[in-house]
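J.: Coordinates in my_file-v6.cif, mmCIF, C-alpha atoms, are listed below.
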data_start
#
loop_
_atom_site.label_atom_id
_atom_site.label_comp_id
_atom_site.auth_asym_id
_atom_site.auth_seq_id
_atom_site.Cartn_x
_atom_site.Cartn_y
_atom_site.Cartn_z
CA MET A 1 -119.76 -50.31 -46.91
CA LYS A 2 -117.93 -51.31 -43.73
CA ARG A 3 -117.15 -47.68 -43.02
CA LEU A 4 -120.82 -46.77 -43.33
CA LEU A 5 -121.73 -49.47 -40.80
CA ILE A 6 -119.46 -47.92 -38.16
CA PHE A 7 -121.71 -44.85 -37.74
CA PRO A 8 -124.92 -46.70 -36.76
CA ILE A 9 -122.90 -49.02 -34.49
CA VAL A 10 -121.32 -46.09 -32.67
CA PHE A 11 -124.68 -44.34 -32.43
CA VAL A 12 -126.35 -47.43 -30.94
CA ALA A 13 -123.43 -47.94 -28.54
CA LEU A 14 -123.88 -44.40 -27.25
CA LEU A 15 -127.65 -44.72 -27.11
CA VAL A 16 -127.87 -48.05 -25.25
CA PRO A 17 -126.53 -46.83 -21.87
CA VAL A 18 -128.87 -43.84 -22.01
CA VAL A 19 -131.92 -46.04 -22.73
CA VAL A 20 -130.92 -48.59 -20.08
CA LEU A 21 -130.47 -45.86 -17.48
CA ALA A 22 -133.72 -44.18 -18.49
CA SER A 23 -135.72 -47.36 -18.02
CA GLY A 24 -134.71 -47.77 -14.34
CA SER A 25 -137.04 -46.57 -11.58
CA GLY A 26 -134.19 -45.47 -9.33
CA GLY A 27 -131.06 -43.45 -9.99
CA PHE A 28 -131.08 -40.27 -12.00
CA ASP A 29 -134.31 -40.89 -13.88
CA GLY A 30 -136.04 -42.08 -10.74
CA VAL A 31 -135.20 -38.82 -8.98
CA VAL A 32 -136.23 -36.69 -11.97
CA SER A 33 -139.57 -38.47 -12.42
CA SER A 34 -140.25 -38.25 -8.66
CA ILE A 35 -139.68 -34.48 -8.75
CA GLU A 36 -141.90 -34.21 -11.83
CA SER A 37 -144.80 -36.07 -10.23
CA ARG A 38 -144.44 -34.52 -6.74
CA TYR A 39 -144.19 -30.88 -7.84
CA HIS A 40 -146.17 -31.13 -11.11
CA VAL A 41 -143.31 -29.82 -13.23
CA HIS A 42 -141.69 -31.04 -16.40
CA ALA A 43 -137.94 -31.46 -16.82
CA THR A 44 -136.04 -30.15 -19.81
CA ARG A 45 -133.44 -32.72 -20.77
CA ILE A 46 -130.43 -31.84 -22.86
CA PRO A 47 -130.62 -33.73 -26.16
CA PHE A 48 -127.80 -36.16 -26.97
CA ILE A 49 -126.42 -35.89 -23.44
CA GLY A 50 -124.82 -39.33 -23.99
CA ILE A 51 -122.73 -37.87 -26.80
CA VAL A 52 -121.97 -34.74 -24.74
CA SER A 53 -120.87 -37.00 -21.88
CA ALA A 54 -118.61 -39.01 -24.21
CA ILE A 55 -117.06 -35.78 -25.52
CA ALA A 56 -116.55 -34.50 -21.95
CA ARG A 57 -114.90 -37.80 -21.02
CA THR A 58 -112.53 -37.52 -23.98
CA ALA A 59 -111.84 -33.80 -23.46
CA THR A 60 -110.98 -34.31 -19.79
CA GLN A 61 -109.05 -37.52 -20.54
CA ASN A 62 -111.45 -39.61 -18.50
CA GLY A 63 -111.61 -36.97 -15.73
CA VAL A 64 -115.37 -36.39 -15.96
CA GLY A 65 -117.91 -38.76 -17.46
CA ASN A 66 -121.34 -40.41 -17.13
CA MET A 67 -123.06 -37.02 -17.21
CA HIS A 68 -126.81 -36.62 -16.84
CA VAL A 69 -128.51 -33.24 -16.66
CA ALA A 70 -132.16 -32.27 -16.15
CA GLU A 71 -133.37 -28.70 -15.74
CA PHE A 72 -136.67 -27.49 -14.33
CA ASP A 73 -137.46 -23.90 -15.34
CA SER A 74 -140.21 -21.82 -13.73
CA PHE A 75 -140.16 -23.96 -10.59
CA SER A 76 -142.53 -22.13 -8.27
CA ALA A 77 -143.74 -24.87 -5.90
CA PRO A 78 -142.72 -24.50 -2.24
CA VAL A 79 -140.19 -27.19 -1.32
CA ASP A 80 -139.83 -28.87 2.05
CA GLY A 81 -136.11 -29.56 2.47
CA GLY A 82 -136.62 -32.69 4.54
CA GLU A 83 -139.10 -34.16 2.09
CA LEU A 84 -136.90 -33.47 -0.95
CA ASN A 85 -133.91 -34.98 0.85
CA SER A 86 -135.84 -38.17 1.76
CA MET A 87 -137.18 -38.47 -1.79
CA VAL A 88 -133.73 -38.20 -3.38
CA GLU A 89 -132.18 -40.52 -0.77
CA GLN A 90 -134.86 -43.15 -1.37
CA LYS A 91 -134.55 -43.04 -5.16
CA LEU A 92 -130.74 -43.10 -5.18
CA GLY A 93 -130.53 -46.14 -2.92
CA PRO A 94 -128.15 -47.21 -0.18
CA GLY A 95 -124.87 -46.84 -2.11
CA TRP A 96 -125.11 -43.06 -2.08
CA HIS A 97 -124.08 -40.91 0.88
CA ARG A 98 -125.19 -37.37 1.40
CA MET A 99 -122.22 -35.04 1.68
CA ILE A 100 -123.90 -31.63 1.75
CA ARG A 101 -127.37 -30.38 2.48
CA GLU A 102 -128.13 -26.68 2.43
CA THR A 103 -131.62 -25.33 2.93
CA SER A 104 -132.83 -21.76 3.04
CA ARG A 105 -136.54 -21.28 3.34
CA SER A 106 -136.51 -17.55 2.73
CA GLY A 107 -135.05 -17.74 -0.76
CA ASN A 108 -136.53 -21.13 -1.69
CA GLU A 109 -133.00 -22.50 -1.96
CA GLN A 110 -132.04 -26.14 -1.64
CA THR A 111 -128.75 -27.87 -2.36
CA LEU A 112 -128.13 -31.57 -2.00
CA ILE A 113 -124.88 -33.26 -2.95
CA PHE A 114 -124.61 -37.03 -2.78
CA VAL A 115 -121.50 -39.08 -3.48
CA HIS A 116 -120.92 -42.69 -4.42
CA PRO A 117 -117.40 -44.24 -4.47
CA GLU A 118 -116.77 -46.12 -7.73
CA GLY A 119 -113.25 -47.54 -7.34
CA ASN A 120 -110.83 -44.80 -8.26
CA ARG A 121 -113.72 -42.62 -9.41
CA MET A 122 -116.41 -40.81 -7.45
CA GLY A 123 -120.01 -40.58 -8.57
CA MET A 124 -121.66 -37.25 -7.71
CA PHE A 125 -125.35 -36.43 -7.68
CA ILE A 126 -126.37 -32.79 -7.29
CA VAL A 127 -129.83 -31.32 -6.80
CA ASP A 128 -129.86 -27.54 -6.73
CA LEU A 129 -132.85 -25.26 -6.41
CA ASP A 130 -132.18 -21.55 -6.69
CA GLY A 131 -135.27 -19.38 -6.77
CA HIS A 132 -137.31 -20.67 -9.70
CA GLU A 133 -134.79 -23.01 -11.26
CA LEU A 134 -134.06 -26.55 -10.19
CA ASP A 135 -131.18 -28.52 -11.69
CA VAL A 136 -130.41 -32.19 -11.30
CA VAL A 137 -126.92 -33.30 -12.34
CA GLN A 138 -125.18 -36.63 -12.13
CA LEU A 139 -121.56 -37.20 -13.09
CA SER A 140 -118.60 -39.40 -12.39
CA VAL A 141 -115.25 -37.83 -11.52
CA ASN A 142 -111.73 -39.22 -11.53
CA PRO A 143 -109.89 -36.97 -9.03
CA ASP A 144 -106.38 -37.98 -10.15
CA GLN A 145 -107.08 -37.21 -13.78
CA LEU A 146 -109.02 -34.05 -13.03
CA ASN A 147 -106.24 -32.88 -10.73
CA LYS A 148 -103.67 -33.36 -13.49
CA GLN A 149 -105.88 -31.36 -15.86
CA LEU A 150 -106.37 -28.56 -13.32
CA GLY A 151 -102.63 -28.59 -12.61
CA GLN A 152 -101.95 -27.95 -16.30
CA TYR A 153 -104.24 -24.91 -16.26
CA GLU A 154 -102.68 -23.66 -13.03
CA HIS A 155 -99.19 -23.92 -14.56
CA HIS A 156 -100.44 -22.18 -17.70
CA ASN A 157 -102.04 -19.38 -15.63
CA HIS A 158 -98.94 -18.96 -13.53
CA GLU A 159 -96.71 -18.80 -16.62
CA SER A 160 -99.03 -16.22 -18.24
CA ALA A 161 -98.98 -14.08 -15.07
CA THR A 162 -95.16 -14.28 -14.92
CA ASP A 163 -94.91 -13.32 -18.61
CA ARG A 164 -97.21 -10.36 -18.04
CA SER A 165 -95.26 -9.11 -15.00
CA ASP A 166 -91.99 -9.55 -16.94
CA SER A 167 -93.29 -7.46 -19.85
CA GLU A 168 -94.40 -4.73 -17.43
CA MET B 1 -99.95 -76.24 16.30
CA GLN B 2 -98.62 -73.43 14.06
CA ASN B 3 -101.73 -73.72 11.88
CA ARG B 4 -103.93 -73.34 14.92
CA ILE B 5 -102.09 -70.20 15.97
CA ILE B 6 -102.43 -68.75 12.47
CA ALA B 7 -106.13 -69.66 12.43
CA PHE B 8 -106.55 -68.04 15.86
CA ILE B 9 -104.83 -64.86 14.67
CA PHE B 10 -107.04 -64.71 11.58
CA ALA B 11 -110.17 -65.31 13.66
CA ALA B 12 -109.15 -62.60 16.15
CA ALA B 13 -108.43 -60.19 13.29
CA ALA B 14 -111.78 -60.98 11.69
CA LEU B 15 -113.58 -60.35 14.98
CA ALA B 16 -111.63 -57.19 15.70
CA ALA B 17 -112.12 -55.67 12.26
CA PRO B 18 -115.82 -54.79 12.65
CA ALA B 19 -115.12 -53.30 16.08
CA PHE B 20 -112.40 -51.06 14.64
CA ALA B 21 -114.61 -50.17 11.71
CA GLN B 22 -117.38 -49.22 14.13
CA THR B 23 -115.18 -46.90 16.17
CA ALA B 24 -113.60 -45.38 13.07
CA GLN B 25 -116.89 -44.13 11.66
CA LEU B 26 -118.92 -40.99 11.98
CA PRO B 27 -121.98 -41.38 14.19
CA ALA B 28 -125.43 -41.61 12.69
CA PRO B 29 -127.35 -38.32 12.93
CA SER B 30 -129.16 -37.89 16.21
CA PRO B 31 -132.98 -38.11 15.99
CA ILE B 32 -133.17 -34.58 17.45
CA GLU B 33 -131.40 -33.22 14.39
CA LYS B 34 -134.29 -34.22 12.14
CA GLU B 35 -136.71 -32.31 14.38
CA LEU B 36 -134.42 -29.28 14.42
CA ALA B 37 -133.98 -29.36 10.64
CA ALA B 38 -137.75 -29.41 10.20
CA ARG B 39 -138.16 -26.21 12.25
CA ALA B 40 -135.06 -24.34 11.11
CA SER B 41 -135.19 -21.66 8.43
CA ASN B 42 -131.63 -22.36 7.30
CA VAL B 43 -130.05 -25.78 7.44
CA ASP B 44 -126.44 -26.60 6.62
CA GLU B 45 -125.31 -30.20 6.89
CA ILE B 46 -121.89 -31.41 5.80
CA THR B 47 -120.81 -35.02 6.16
CA LEU B 48 -117.38 -36.03 4.94
CA ASP B 49 -116.51 -39.64 5.71
CA LYS B 50 -113.15 -41.37 5.25
CA ASN B 51 -113.89 -42.12 1.57
CA MET B 52 -114.78 -38.54 0.81
CA LEU B 53 -111.76 -37.18 2.65
CA GLY B 54 -109.55 -39.57 0.70
CA PHE B 55 -111.19 -38.24 -2.45
CA ALA B 56 -110.49 -34.66 -1.36
CA ALA B 57 -106.90 -35.56 -0.54
CA ASN B 58 -106.49 -36.92 -4.08
CA PHE B 59 -107.11 -33.42 -5.38
CA MET B 60 -104.05 -32.26 -3.51
CA ASN B 61 -101.75 -34.87 -5.04
CA HIS B 62 -99.06 -34.09 -7.62
CA LYS B 63 -99.38 -30.34 -7.18
CA GLU B 64 -96.11 -28.61 -7.67
CA SER B 65 -95.99 -24.86 -7.96
CA ASN B 66 -93.06 -22.46 -8.02
CA ASN B 67 -93.63 -21.86 -4.33
CA PRO B 68 -91.95 -24.57 -2.17
CA ALA B 69 -93.49 -23.17 1.04
CA ALA B 70 -97.01 -23.49 -0.39
CA ASP B 71 -96.23 -27.00 -1.69
CA GLN B 72 -95.04 -28.02 1.77
CA ASN B 73 -98.20 -26.56 3.32
CA ASP B 74 -100.34 -28.37 0.73
CA GLU B 75 -98.59 -31.63 1.51
CA ALA B 76 -99.13 -31.13 5.25
CA THR B 77 -102.83 -30.43 4.68
CA ARG B 78 -103.15 -33.49 2.43
CA LYS B 79 -101.59 -35.71 5.11
CA LEU B 80 -103.86 -34.20 7.73
CA ILE B 81 -106.96 -34.91 5.62
CA GLU B 82 -105.83 -38.44 4.80
CA ASN B 83 -105.49 -39.29 8.48
CA LEU B 84 -108.91 -37.95 9.43
CA VAL B 85 -111.80 -40.37 9.88
CA GLY B 86 -114.57 -37.89 9.22
CA ILE B 87 -115.91 -34.36 9.44
CA TYR B 88 -119.48 -33.76 10.50
CA VAL B 89 -120.96 -30.24 10.55
CA ARG B 90 -124.52 -29.24 11.36
CA ASP B 91 -125.85 -25.70 11.55
CA TYR B 92 -129.49 -24.88 12.18
CA GLU B 93 -130.70 -21.26 12.09
CA PHE B 94 -134.17 -20.37 13.34
CA ASP B 95 -136.41 -17.43 12.47
CA LYS B 96 -137.29 -16.72 16.08
CA GLU B 97 -136.40 -17.79 19.61
CA GLY B 98 -138.11 -20.70 21.37
CA LEU B 99 -138.22 -23.07 18.40
CA PHE B 100 -136.18 -25.63 20.33
CA THR B 101 -136.32 -26.59 23.98
CA ALA B 102 -133.68 -26.98 26.68
CA GLU B 103 -134.57 -30.69 26.81
CA GLN B 104 -133.78 -31.08 23.13
CA VAL B 105 -130.43 -29.41 23.66
CA GLU B 106 -129.71 -31.76 26.57
CA GLN B 107 -130.66 -34.78 24.47
CA LEU B 108 -128.39 -33.56 21.71
CA ARG B 109 -125.53 -33.05 24.15
CA ALA B 110 -126.06 -36.48 25.69
CA TYR B 111 -126.05 -38.10 22.26
CA TYR B 112 -122.53 -36.89 21.48
CA GLU B 113 -121.06 -36.81 24.99
CA THR B 114 -119.71 -40.23 25.80
CA ASN B 115 -117.06 -41.38 28.24
CA GLU B 116 -114.22 -41.00 25.79
CA TRP B 117 -114.77 -37.25 25.38
CA SER B 118 -113.00 -34.87 27.76
CA PRO B 119 -114.38 -31.36 28.20
CA LEU B 120 -112.03 -28.56 27.19
CA VAL B 121 -114.40 -25.59 27.32
CA ARG B 122 -117.77 -25.47 29.07
CA ASP B 123 -119.59 -22.17 28.98
CA ARG B 124 -123.18 -21.58 30.13
CA ASP B 125 -125.24 -18.38 30.18
CA ARG B 126 -128.47 -18.98 32.09
CA LYS B 127 -129.96 -15.59 31.19
CA THR B 128 -129.73 -15.99 27.45
CA GLY B 129 -129.66 -19.79 27.33
CA GLU B 130 -126.46 -19.68 25.32
CA SER B 131 -123.91 -22.41 25.82
CA SER B 132 -120.66 -23.61 24.31
CA ASP B 133 -118.94 -26.94 24.70
CA VAL B 134 -115.59 -27.94 23.27
CA MET B 135 -114.58 -31.54 23.86
CA VAL B 136 -111.58 -33.61 22.88
CA LYS B 137 -111.52 -37.33 22.33
CA LEU B 138 -108.40 -38.71 23.98
CA VAL B 139 -107.00 -42.15 23.22
CA ASN B 140 -103.79 -43.05 25.09
CA GLY B 141 -103.22 -39.37 25.76
CA GLU B 142 -103.46 -38.45 22.08
CA SER B 143 -106.16 -36.31 20.54
CA ARG B 144 -108.40 -38.43 18.28
CA GLY B 145 -111.27 -36.06 17.76
CA LEU B 146 -112.82 -32.70 18.49
CA LEU B 147 -116.41 -31.82 19.19
CA ILE B 148 -117.85 -28.31 19.28
CA LEU B 149 -121.43 -27.76 20.33
CA ASP B 150 -122.61 -24.16 20.27
CA ILE B 151 -126.13 -23.16 21.28
CA GLU B 152 -127.57 -19.70 20.74
CA PRO B 153 -131.19 -18.61 21.10
CA LYS B 154 -131.69 -18.78 17.34
CA GLU B 155 -128.91 -21.06 16.22
CA ILE B 156 -127.45 -24.48 16.95
CA SER B 157 -124.06 -25.52 15.60
CA ILE B 158 -122.38 -28.90 15.85
CA VAL B 159 -118.88 -29.58 14.54
CA LEU B 160 -117.40 -33.05 14.94
CA ILE B 161 -113.97 -33.93 13.62
CA LEU B 162 -112.80 -37.50 14.09
CA GLY B 163 -109.17 -38.47 13.73
CA PRO B 164 -105.83 -37.18 14.94
CA VAL B 165 -106.28 -33.43 14.95
CA HIS B 166 -104.33 -30.73 16.74
CA MET B 167 -105.35 -27.18 17.53
CA GLN B 168 -102.76 -25.70 15.14
CA ASP B 169 -104.28 -27.72 12.26
CA LEU B 170 -107.86 -26.69 12.98
CA HIS B 171 -108.02 -23.78 10.54
CA LYS B 172 -107.09 -26.11 7.69
CA VAL B 173 -109.78 -28.64 8.57
CA MET B 174 -112.42 -25.95 9.13
CA GLY B 175 -111.51 -24.37 5.81
CA ILE B 176 -112.29 -27.65 4.08
CA ALA B 177 -115.43 -28.44 6.03
CA VAL B 178 -117.12 -25.09 5.96
CA ARG B 179 -116.30 -23.91 2.48
CA GLY B 180 -116.58 -27.37 0.98
CA ALA B 181 -113.48 -26.38 -0.92
CA LEU B 182 -110.58 -28.66 -1.49
CA LYS B 183 -107.93 -26.25 -0.23
CA GLY B 184 -107.31 -25.03 3.31
CA GLU B 185 -108.18 -21.35 3.71
CA GLY B 186 -104.90 -20.64 5.46
CA VAL B 187 -102.96 -22.29 2.67
CA GLU B 188 -104.69 -20.28 -0.01
CA LYS B 189 -104.23 -16.97 1.82
CA SER B 190 -100.58 -17.55 2.62
CA THR B 191 -99.88 -18.62 -0.96
CA LYS B 192 -101.47 -15.48 -2.40
CA ALA B 193 -99.66 -13.25 0.09
CA GLU B 194 -96.36 -14.94 -0.68
CA GLU B 195 -96.95 -14.58 -4.44
CA LYS B 196 -97.75 -10.86 -4.01
CA GLN B 197 -94.60 -10.38 -1.94
CA LYS B 198 -92.53 -12.18 -4.60
CA ASP B 199 -94.03 -10.03 -7.36
CA LYS B 200 -93.21 -6.88 -5.35
CA GLU B 201 -89.64 -8.02 -4.79
CA LYS B 202 -89.30 -8.85 -8.46
CA LYS B 203 -90.62 -5.45 -9.54
CA GLY B 204 -88.31 -3.74 -7.06
CA GLY B 205 -85.37 -5.72 -8.42
CA ASP B 206 -86.21 -4.84 -12.05
CA GLN B 207 -86.28 -1.10 -11.29
#
Once you've parsed the file, please lay out its structure as structure tokens.

T.:
Amino acid sequence: MKRLLIFPIVFVALLVPVVVLASGSGGFDGVVSSIESRYHVHATRIPFIGIVSAIARTATQNGVGNMHVAEFDSFSAPVDGGELNSMVEQKLGPGWHRMIRETSRSGNEQTLIFVHPEGNRMGMFIVDLDGHELDVVQLSVNPDQLNKQLGQYEHHNHESATDRSDSE
Amino acid sequence: MQNRIIAFIFAAAALAAPAFAQTAQLPAPSPIEKELAARASNVDEITLDKNMLGFAANFMNHKESNNPAADQNDEATRKLIENLVGIYVRDYEFDKEGLFTAEQVEQLRAYYETNEWSPLVRDRDRKTGESSDVMVKLVNGESRGLLILDIEPKEISIVLILGPVHMQDLHKVMGIAVRGALKGEGVEKSTKAEEKQKDKEKKGGDQ
């Protein structure tokens, strides 16, 4: 019986942060709902993103976590770069600093990357419009951990390349 | 008496701290930049403050490859980034000429040009309206920043690097700022070239 209880407890534990975050007017959901109302579009949210985020956190050994993703397909409204930037800035609040802004009117392209220091982690908020697709992504990155992970792959790649050249 | 001295030192430190913090920060964007961004067809804005540079430097920690020269170069780039206060890049491209005025350019120049900046290059072309300014921030004879302001009829570029930076390190900093990548361009190129050379030598040795 006790074992059966663990499943709903884990499910609720994963669901609570998602619900709490969704109820806020600022942050990720604030930005997404502002885009929805301003450009009359509807976001496609990835189901069970909380679970996906938890898996990503485990897979990267705490390197990447707190993931939120919203996708707007068939985004055809013209976007004013300055207006979008102000809207995102306002909804994210004062703790976030814009690192990159890229705007190209000709191709309807917009990229905004905001960062937020969280101790030894860094929160990242990305808004990217490319043609008719707009993506909003939020995640938290631990550079030390991520660097170790990347280092492992680099070593692995280098060893594979050396093996290949040896066999040749 | 000793307590008073300690209290005085603490008070002086507390008063001095905000002043240091103020000087060691990137400037707020000039109001002209907002106007330029509104008219430009392509806008690129990169702002990397001390926190973000520290974050970027973290990505260069603990990296050990089989190439000691590349590791040494990586370490030098990491130290360079860690010591920087900030990188500020603005690039505005316009569809046609005449979308910004000479007064706006002057206001922009005046916003960044303060007493602590010494001109290194000053180039003006009255016919085309093109101009280039390269300035260095000198503190006690040491370079503490670099400012590049380039004006073309259809493009305005501003590059501001705050912190101890030398000309020979510029390519590393620019590689980070412009590509938004976490490796210096020069480092990456030299590493690849060195790896190719090693592979060639190895193959030659095997034959």

J.: Please enumerate the residues selected by the PyMOL selection byres ((chain B and resi 99) around 9) when evaluated against the supplied file, formatted as a ChimeraX atom specification.

T.: /B:36,39-40,94-98,100-101,153-154

J.: Out of A:Glu109, A:Asp135, A:Glu89, A:Asp128, which residue has the shortest atom-to-atom distance to Gly26 in chain A when counting only C-alpha atoms?

T.: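 Answer, going by the shortest atom-to-atom distance: A:Glu89.
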
J.: Within 6 Å of range 134-140 of chain B, counting only C-alpha atoms, which residues qualify if same-chain residues fewer than 6 places away don't, as an NGL selection string?

T.: :B and (116-121 or 146-148)

J.: Output the contact residues of chain A with respect to chain B at a cut-off of 7 Å, based on all atoms listed in the file, as a list of chain:residue names.

T.: A:Gly82, A:Arg98, A:Met99, A:Ile100, A:Arg101, A:Glu102, A:Thr103, A:Ser104, A:Arg105, A:Pro143, A:Asp144, A:Asn147, A:Gly151

J.: Contacts of His68 in chain A at 8 Å or less, counting all atoms listed in the file, minus same-chain residues fewer than 5 places along, as a ChimeraX atom specification?

T.: /A:28,49-50,53,136-139

J.: Quick check on the file I pasted: which residues fall under the PyMOL selection byres ((chain A and resi 35-43) around 7)? Write them as a list in words.

T.: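 Here the PyMOL selection byres ((chain A and resi 35-43) around 7) matches Val31, Val32, Ser33, Ser34, Thr44, Arg45, Ala70, Glu71, Phe72 and Ala77 of chain A.
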
J.: Write the selection just made, keeping C-alpha atoms, as a PDB file, in the frame of the given file?

T.:
ATOM      1  CA  VAL A  31    -135.200 -38.820  -8.980  1.00  0.00           C
ATOM      2  CA  VAL A  32    -136.230 -36.690 -11.970  1.00  0.00           C
ATOM      3  CA  SER A  33    -139.570 -38.470 -12.420  1.00  0.00           C
ATOM      4  CA  SER A  34    -140.250 -38.250  -8.660  1.00  0.00           C
ATOM      5  CA  THR A  44    -136.040 -30.150 -19.810  1.00  0.00           C
ATOM      6  CA  ARG A  45    -133.440 -32.720 -20.770  1.00  0.00           C
ATOM      7  CA  ALA A  70    -132.160 -32.270 -16.150  1.00  0.00           C
ATOM      8  CA  GLU A  71    -133.370 -28.700 -15.740  1.00  0.00           C
ATOM      9  CA  PHE A  72    -136.670 -27.490 -14.330  1.00  0.00           C
ATOM     10  CA  ALA A  77    -143.740 -24.870  -5.900  1.00  0.00           C
TER      11      ALA A  77
END

J.: Quick one: apply the PyMOL selection byres ((chain B and resi 73-84) around 6) to the file and drop the selected residues here as a list in words.

T.: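 Applying the expression gives Gly54, Ala57, Ala70, Asp71, Gln72, Val85, Gly86 and Gly163 of chain B.
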
J.: Work out how far apart CA of Leu146 in chain A and CA of Ala54 in chain A are and give it in Å to one decimal.

T.: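 We find that CA of Leu146 in chain A and CA of Ala54 in chain A lie 15.5 Å from each other.
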
J.: With 3 Å on each side, where is the centre of the axis-aligned box around all listed atoms of range 115-131 of chain B, and how long are its edges in Å to one decimal, as lines of an AutoDock Vina configuration file?

T.:
center_x = -121.0
center_y = -28.5
center_z = 28.7
size_x = 23.9
size_y = 31.8
size_z = 12.8

J.: Please fill the gaps in range 31-49 of chain A so it has N, CA and C atoms, and write that as a short mmCIF file (atom, residue, chain, number, x, y, z; two decimals), keeping the file's coordinate frame.

T.:
data_model
loop_
_atom_site.label_atom_id
_atom_site.label_comp_id
_atom_site.auth_asym_id
_atom_site.auth_seq_id
_atom_site.Cartn_x
_atom_site.Cartn_y
_atom_site.Cartn_z
N VAL A 31 -135.12 -40.09 -9.71
CA VAL A 31 -135.20 -38.82 -8.98
C VAL A 31 -135.95 -37.78 -9.81
N VAL A 32 -135.60 -37.69 -11.10
CA VAL A 32 -136.23 -36.69 -11.97
C VAL A 32 -137.74 -36.94 -12.07
N SER A 33 -138.12 -38.20 -12.29
CA SER A 33 -139.57 -38.47 -12.42
C SER A 33 -140.30 -38.25 -11.10
N SER A 34 -139.61 -38.51 -9.97
CA SER A 34 -140.25 -38.25 -8.66
C SER A 34 -140.50 -36.76 -8.48
N ILE A 35 -139.53 -35.94 -8.87
CA ILE A 35 -139.68 -34.48 -8.75
C ILE A 35 -140.82 -34.03 -9.67
N GLU A 36 -140.85 -34.60 -10.87
CA GLU A 36 -141.90 -34.21 -11.83
C GLU A 36 -143.30 -34.51 -11.27
N SER A 37 -143.45 -35.70 -10.71
CA SER A 37 -144.80 -36.07 -10.23
C SER A 37 -145.15 -35.37 -8.92
N ARG A 38 -144.15 -35.15 -8.04
CA ARG A 38 -144.44 -34.52 -6.74
C ARG A 38 -144.76 -33.03 -6.87
N TYR A 39 -144.01 -32.34 -7.75
CA TYR A 39 -144.19 -30.88 -7.84
C TYR A 39 -144.92 -30.44 -9.12
N HIS A 40 -145.41 -31.40 -9.87
CA HIS A 40 -146.17 -31.13 -11.11
C HIS A 40 -145.39 -30.20 -12.05
N VAL A 41 -144.17 -30.60 -12.32
CA VAL A 41 -143.31 -29.82 -13.23
C VAL A 41 -142.76 -30.78 -14.29
N HIS A 42 -142.24 -30.19 -15.35
CA HIS A 42 -141.69 -31.04 -16.40
C HIS A 42 -140.22 -30.68 -16.63
N ALA A 43 -139.38 -31.70 -16.66
CA ALA A 43 -137.94 -31.46 -16.82
C ALA A 43 -137.56 -31.25 -18.27
N THR A 44 -136.62 -30.33 -18.48
CA THR A 44 -136.04 -30.15 -19.81
C THR A 44 -134.74 -30.94 -19.81
N ARG A 45 -134.67 -31.91 -20.70
CA ARG A 45 -133.44 -32.72 -20.77
C ARG A 45 -132.60 -32.27 -21.96
N ILE A 46 -131.33 -32.26 -21.77
CA ILE A 46 -130.43 -31.84 -22.86
C ILE A 46 -130.35 -32.97 -23.89
N PRO A 47 -130.67 -32.67 -25.16
CA PRO A 47 -130.62 -33.73 -26.16
C PRO A 47 -129.19 -34.23 -26.40
N PHE A 48 -129.09 -35.49 -26.70
CA PHE A 48 -127.80 -36.16 -26.97
C PHE A 48 -126.80 -35.99 -25.82
N ILE A 49 -127.32 -36.05 -24.59
CA ILE A 49 -126.42 -35.89 -23.44
C ILE A 49 -125.39 -37.02 -23.39
#
